[in-house]
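So the structure is just underneath, and the comments pick up after that.
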Amino acid sequence: MTESTAVATTNPVGNLMAFAGGTNPFLQHAKSEGVSDGLYMRHNGNTGKFIIGDEEIEGGTFYFDVMGARLAWLGFDPNNKPVNGPEVKMLDGVALQDPPKVPGVKWIKQIKLTITDPESGKDIVLSCKAEKPNRAIWKLIKAYGETVGRHPDGTGFQVPLVQAGSRSFEMDIKEKQDDGTERTMRVKKYSETFEIVDWGTADLIAEVKASAGDHSEEAAPPMKDVTPQVEVLPPQETKTFPNAAGAATGRGRFGSR
């Protein structure tokens with residue numbers, strides 16, 4: 001009896017068509033699901049720095065995949081363990097459902113999106129509080145929506161290069177004393193800032209990732225709480241954008257440490 005050498009899944013023409021025009025369906029699906037290189041970033045309202053794993057950075061320039069942004073609820077139970085809530089892709093135009101009523105769980109609305117470091121080529125999941133419309137991430141979403149149409153890229157759109165920084169403000173907090181009384185203290189806090197400084201094509205970002213090399217064997221920092229601590233929204237003050245020179249070239253790494 002003659003053995004068949006045919007492979008059921010082999011379809012050279014169909015396989016090549018799936019990659020037509022430089023597209024990669026596998027990477028596209030991974031991107032749409034928010035897959036990163038094991039890195040997570042959030043802003044620390046007490047220090048004004050961004051936390052990536054165990055590392056703290058002042059800020060820097062990153063390519064923001066705003067098209068893949070998600071609205072999500074993240075909760076914490078009485079033991080401070082994270083609880084995932086409803087989540088939707090903003091591009092789908094579907095309203096985010098209210099979080100379930102779970103005893104003891106406090107919910108925080110977030111916007112999550114993947115950002116790419118222009119120097120290392122690594123993808124990072126950025127999470128920002130989005131409970132109020134005057135948050136910096138909402139201002140970035142609005143600015144993107146107003147300008148993305150002017151930056152076509154083939155059948156899609158270019159990706160914005162965003163300068164991430166911090167601005168400071170002062171607020172009063174009440175501190176409980178040993179005798180049970182409360183004392184009002186004036187403290188300095190920080191909130192994140194985001195500004196679109198340039199745009200990049202899909203080919204450019206792919207080139208950045210290709211030239212960065214393979215990071216698959218590098219150990220990823222452990223995942224930490226990606227929710228910034230609760231802080232009062234500040235009045236407008238002076239912005240500080242580290243690594244301004246990097247913003248002009250799109251090769252800014254993370255800024256100064």
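Labeling convention for the structure tokens: chains A, B, ... as they appear, residues from 1 per chain, ligands from 1 in order of appearance.
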Using only C-alpha atoms, which residues of segment 161-201 of chain A come within 10 Å of segment 124-145 of chain A, and what is the closest atom pair for each, with the distance in Å to one decimal? Give it as a tab-separated table, sorted by chain and residue number.
```
residue	atom	partner	partner_atom	distance
A:Val162	CA	A:Leu140	CA	9.0
A:Ala164	CA	A:Ala136	CA	9.9
A:Ser166	CA	A:Ala136	CA	9.9
A:Ser191	CA	A:Ala136	CA	8.0
A:Glu192	CA	A:Ala136	CA	6.3
A:Thr193	CA	A:Ala136	CA	5.5
A:Phe194	CA	A:Ala136	CA	6.2
A:Glu195	CA	A:Leu140	CA	6.8
A:Ile196	CA	A:Leu140	CA	7.7
```
With C-alpha atoms retained, write the just-selected residues as a short mmCIF file (atom, residue, chain, number, x, y, z; two decimals), in the first residue's frame.
```cif
data_model
loop_
_atom_site.label_atom_id
_atom_site.label_comp_id
_atom_site.auth_asym_id
_atom_site.auth_seq_id
_atom_site.Cartn_x
_atom_site.Cartn_y
_atom_site.Cartn_z
CA VAL A 162 3.85 59.96 22.44
CA ALA A 164 5.07 60.57 28.48
CA SER A 166 4.57 64.19 34.72
CA SER A 191 -0.12 63.21 37.51
CA GLU A 192 0.91 61.82 34.12
CA THR A 193 0.97 63.81 30.89
CA PHE A 194 0.85 62.51 27.33
CA GLU A 195 1.54 64.47 24.16
CA ILE A 196 1.67 63.30 20.53
#
```
- Message: Can you pull out the residues contacting Gly85 of chain A? Cut-off 6 Å, using only C-alpha atoms, and skip same-chain residues under 4 positions away; I want them as a ChimeraX atom specification.
- Response: /A:73-74,99
Selection file, C-alpha atoms, as a PDB file, in the first residue's frame:
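Produced file again-v1.pdb, reproduced below:
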```pdb
ATOM      1  CA  TRP A  73     -12.599  47.544  35.302  1.00  0.00           C
ATOM      2  CA  LEU A  74      -9.969  46.375  37.767  1.00  0.00           C
ATOM      3  CA  PRO A  99     -18.602  45.922  37.305  1.00  0.00           C
TER       4      PRO A  99
END
```
- Message: When you count only C-alpha atoms, which of these residues is closest to Lys89 of chain A: A:Gly75, A:Glu55, A:Leu113, A:Pro152?
- Response: A:Leu113
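Distances here use only C-alpha atoms; by that measure, the residue among A:Phe64, A:Arg70, A:Gly149, A:Ser168 closest to Leu91 of chain A is A:Arg70.
Using only C-alpha atoms for every distance, the candidate list A:Ala202, A:Asp117, A:Lys109, A:Val102 yields A:Lys109 as the residue closest to Pro86 of chain A.
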Identify, with DSSP run on backbone atoms, the residues in segment 50-128 of chain A assigned to strand (DSSP E or B), and express the list as a short mmCIF file (atom, residue, chain, number, x, y, z; two decimals) with N, CA and C atoms, in the first residue's frame.
```cif
data_model
loop_
_atom_site.label_atom_id
_atom_site.label_comp_id
_atom_site.auth_asym_id
_atom_site.auth_seq_id
_atom_site.Cartn_x
_atom_site.Cartn_y
_atom_site.Cartn_z
N PHE A 50 7.32 56.67 36.28
CA PHE A 50 6.60 55.53 35.73
C PHE A 50 7.29 54.25 36.20
N ILE A 51 6.49 53.27 36.58
CA ILE A 51 7.02 52.00 37.07
C ILE A 51 6.86 50.93 36.00
N ILE A 52 7.98 50.30 35.64
CA ILE A 52 7.97 49.17 34.72
C ILE A 52 8.63 48.00 35.44
N GLU A 55 11.58 48.59 37.85
CA GLU A 55 12.32 49.77 37.42
C GLU A 55 11.44 51.02 37.44
N GLU A 56 12.01 52.14 37.84
CA GLU A 56 11.31 53.43 37.80
C GLU A 56 12.00 54.33 36.79
N ILE A 57 11.22 54.99 35.93
CA ILE A 57 11.78 55.89 34.93
C ILE A 57 11.06 57.23 35.00
N GLY A 60 9.46 59.32 28.88
CA GLY A 60 10.13 59.08 27.61
C GLY A 60 9.15 59.04 26.47
N THR A 61 9.61 58.63 25.30
CA THR A 61 8.75 58.54 24.12
C THR A 61 8.47 57.09 23.77
N PHE A 62 7.23 56.83 23.41
CA PHE A 62 6.79 55.48 23.07
C PHE A 62 5.77 55.56 21.93
N TYR A 63 5.71 54.50 21.13
CA TYR A 63 4.65 54.39 20.14
C TYR A 63 3.42 53.83 20.85
N PHE A 64 2.31 54.55 20.80
CA PHE A 64 1.08 54.15 21.49
C PHE A 64 0.10 53.51 20.51
N ARG A 70 -8.21 49.56 25.30
CA ARG A 70 -9.35 48.89 25.93
C ARG A 70 -9.80 49.66 27.18
N LEU A 71 -11.09 49.66 27.41
CA LEU A 71 -11.67 50.14 28.66
C LEU A 71 -11.89 48.93 29.55
N ALA A 72 -11.54 49.06 30.80
CA ALA A 72 -11.65 47.88 31.67
C ALA A 72 -11.87 48.29 33.12
N TRP A 73 -12.46 47.38 33.86
CA TRP A 73 -12.60 47.54 35.30
C TRP A 73 -11.59 46.62 35.99
N LEU A 74 -10.87 47.17 36.94
CA LEU A 74 -9.97 46.37 37.77
C LEU A 74 -10.35 46.59 39.22
N GLY A 75 -10.57 45.48 39.93
CA GLY A 75 -10.97 45.58 41.33
C GLY A 75 -9.93 45.01 42.27
N PHE A 76 -10.06 45.37 43.55
CA PHE A 76 -9.18 44.82 44.58
C PHE A 76 -10.06 44.40 45.76
N PRO A 82 -6.01 41.45 43.13
CA PRO A 82 -6.71 42.00 41.96
C PRO A 82 -7.85 41.12 41.49
N VAL A 83 -8.90 41.76 41.04
CA VAL A 83 -10.07 41.07 40.49
C VAL A 83 -10.38 41.70 39.13
N ASN A 84 -10.36 40.89 38.08
CA ASN A 84 -10.64 41.41 36.75
C ASN A 84 -12.14 41.56 36.53
N GLY A 85 -12.52 42.71 35.95
CA GLY A 85 -13.91 42.98 35.66
C GLY A 85 -14.16 43.03 34.17
N PRO A 86 -15.31 43.55 33.76
CA PRO A 86 -15.64 43.66 32.34
C PRO A 86 -14.60 44.49 31.58
N GLU A 87 -14.44 44.17 30.29
CA GLU A 87 -13.44 44.84 29.45
C GLU A 87 -13.95 44.88 28.02
N VAL A 88 -13.75 46.02 27.34
CA VAL A 88 -14.17 46.15 25.94
C VAL A 88 -13.10 46.88 25.15
N LYS A 89 -13.04 46.59 23.86
CA LYS A 89 -12.15 47.32 22.97
C LYS A 89 -12.84 48.62 22.55
N LYS A 106 -13.30 46.93 45.60
CA LYS A 106 -13.32 48.30 45.13
C LYS A 106 -12.86 48.33 43.68
N TRP A 107 -13.66 48.95 42.80
CA TRP A 107 -13.40 48.93 41.37
C TRP A 107 -12.82 50.25 40.89
N ILE A 108 -11.91 50.17 39.93
CA ILE A 108 -11.29 51.34 39.31
C ILE A 108 -11.38 51.18 37.80
N LYS A 109 -11.88 52.22 37.12
CA LYS A 109 -11.95 52.18 35.66
C LYS A 109 -10.59 52.53 35.08
N GLN A 110 -10.18 51.75 34.08
CA GLN A 110 -8.88 51.94 33.47
C GLN A 110 -8.97 52.00 31.95
N ILE A 111 -7.93 52.57 31.35
CA ILE A 111 -7.68 52.41 29.92
C ILE A 111 -6.36 51.69 29.80
N LYS A 112 -6.37 50.58 29.06
CA LYS A 112 -5.16 49.78 28.86
C LYS A 112 -4.82 49.77 27.38
N LEU A 113 -3.54 49.92 27.09
CA LEU A 113 -3.10 49.84 25.70
C LEU A 113 -1.64 49.43 25.65
N THR A 114 -1.24 48.94 24.49
CA THR A 114 0.14 48.50 24.30
C THR A 114 0.97 49.65 23.75
N ILE A 115 2.13 49.86 24.35
CA ILE A 115 3.06 50.87 23.85
C ILE A 115 4.37 50.16 23.50
N THR A 116 5.10 50.73 22.55
CA THR A 116 6.36 50.13 22.10
C THR A 116 7.52 51.07 22.35
N ASP A 123 7.27 45.54 23.60
CA ASP A 123 5.91 45.99 23.84
C ASP A 123 5.63 45.98 25.33
N ILE A 124 4.95 47.02 25.80
CA ILE A 124 4.66 47.21 27.22
C ILE A 124 3.18 47.51 27.36
N VAL A 125 2.52 46.90 28.33
CA VAL A 125 1.12 47.20 28.60
C VAL A 125 1.04 48.37 29.58
N LEU A 126 0.48 49.48 29.12
CA LEU A 126 0.31 50.66 29.97
C LEU A 126 -1.12 50.70 30.48
N SER A 127 -1.27 50.90 31.78
CA SER A 127 -2.58 51.02 32.40
C SER A 127 -2.70 52.39 33.06
N CYS A 128 -3.79 53.08 32.77
CA CYS A 128 -4.01 54.42 33.33
C CYS A 128 -5.40 54.50 33.93
#
```
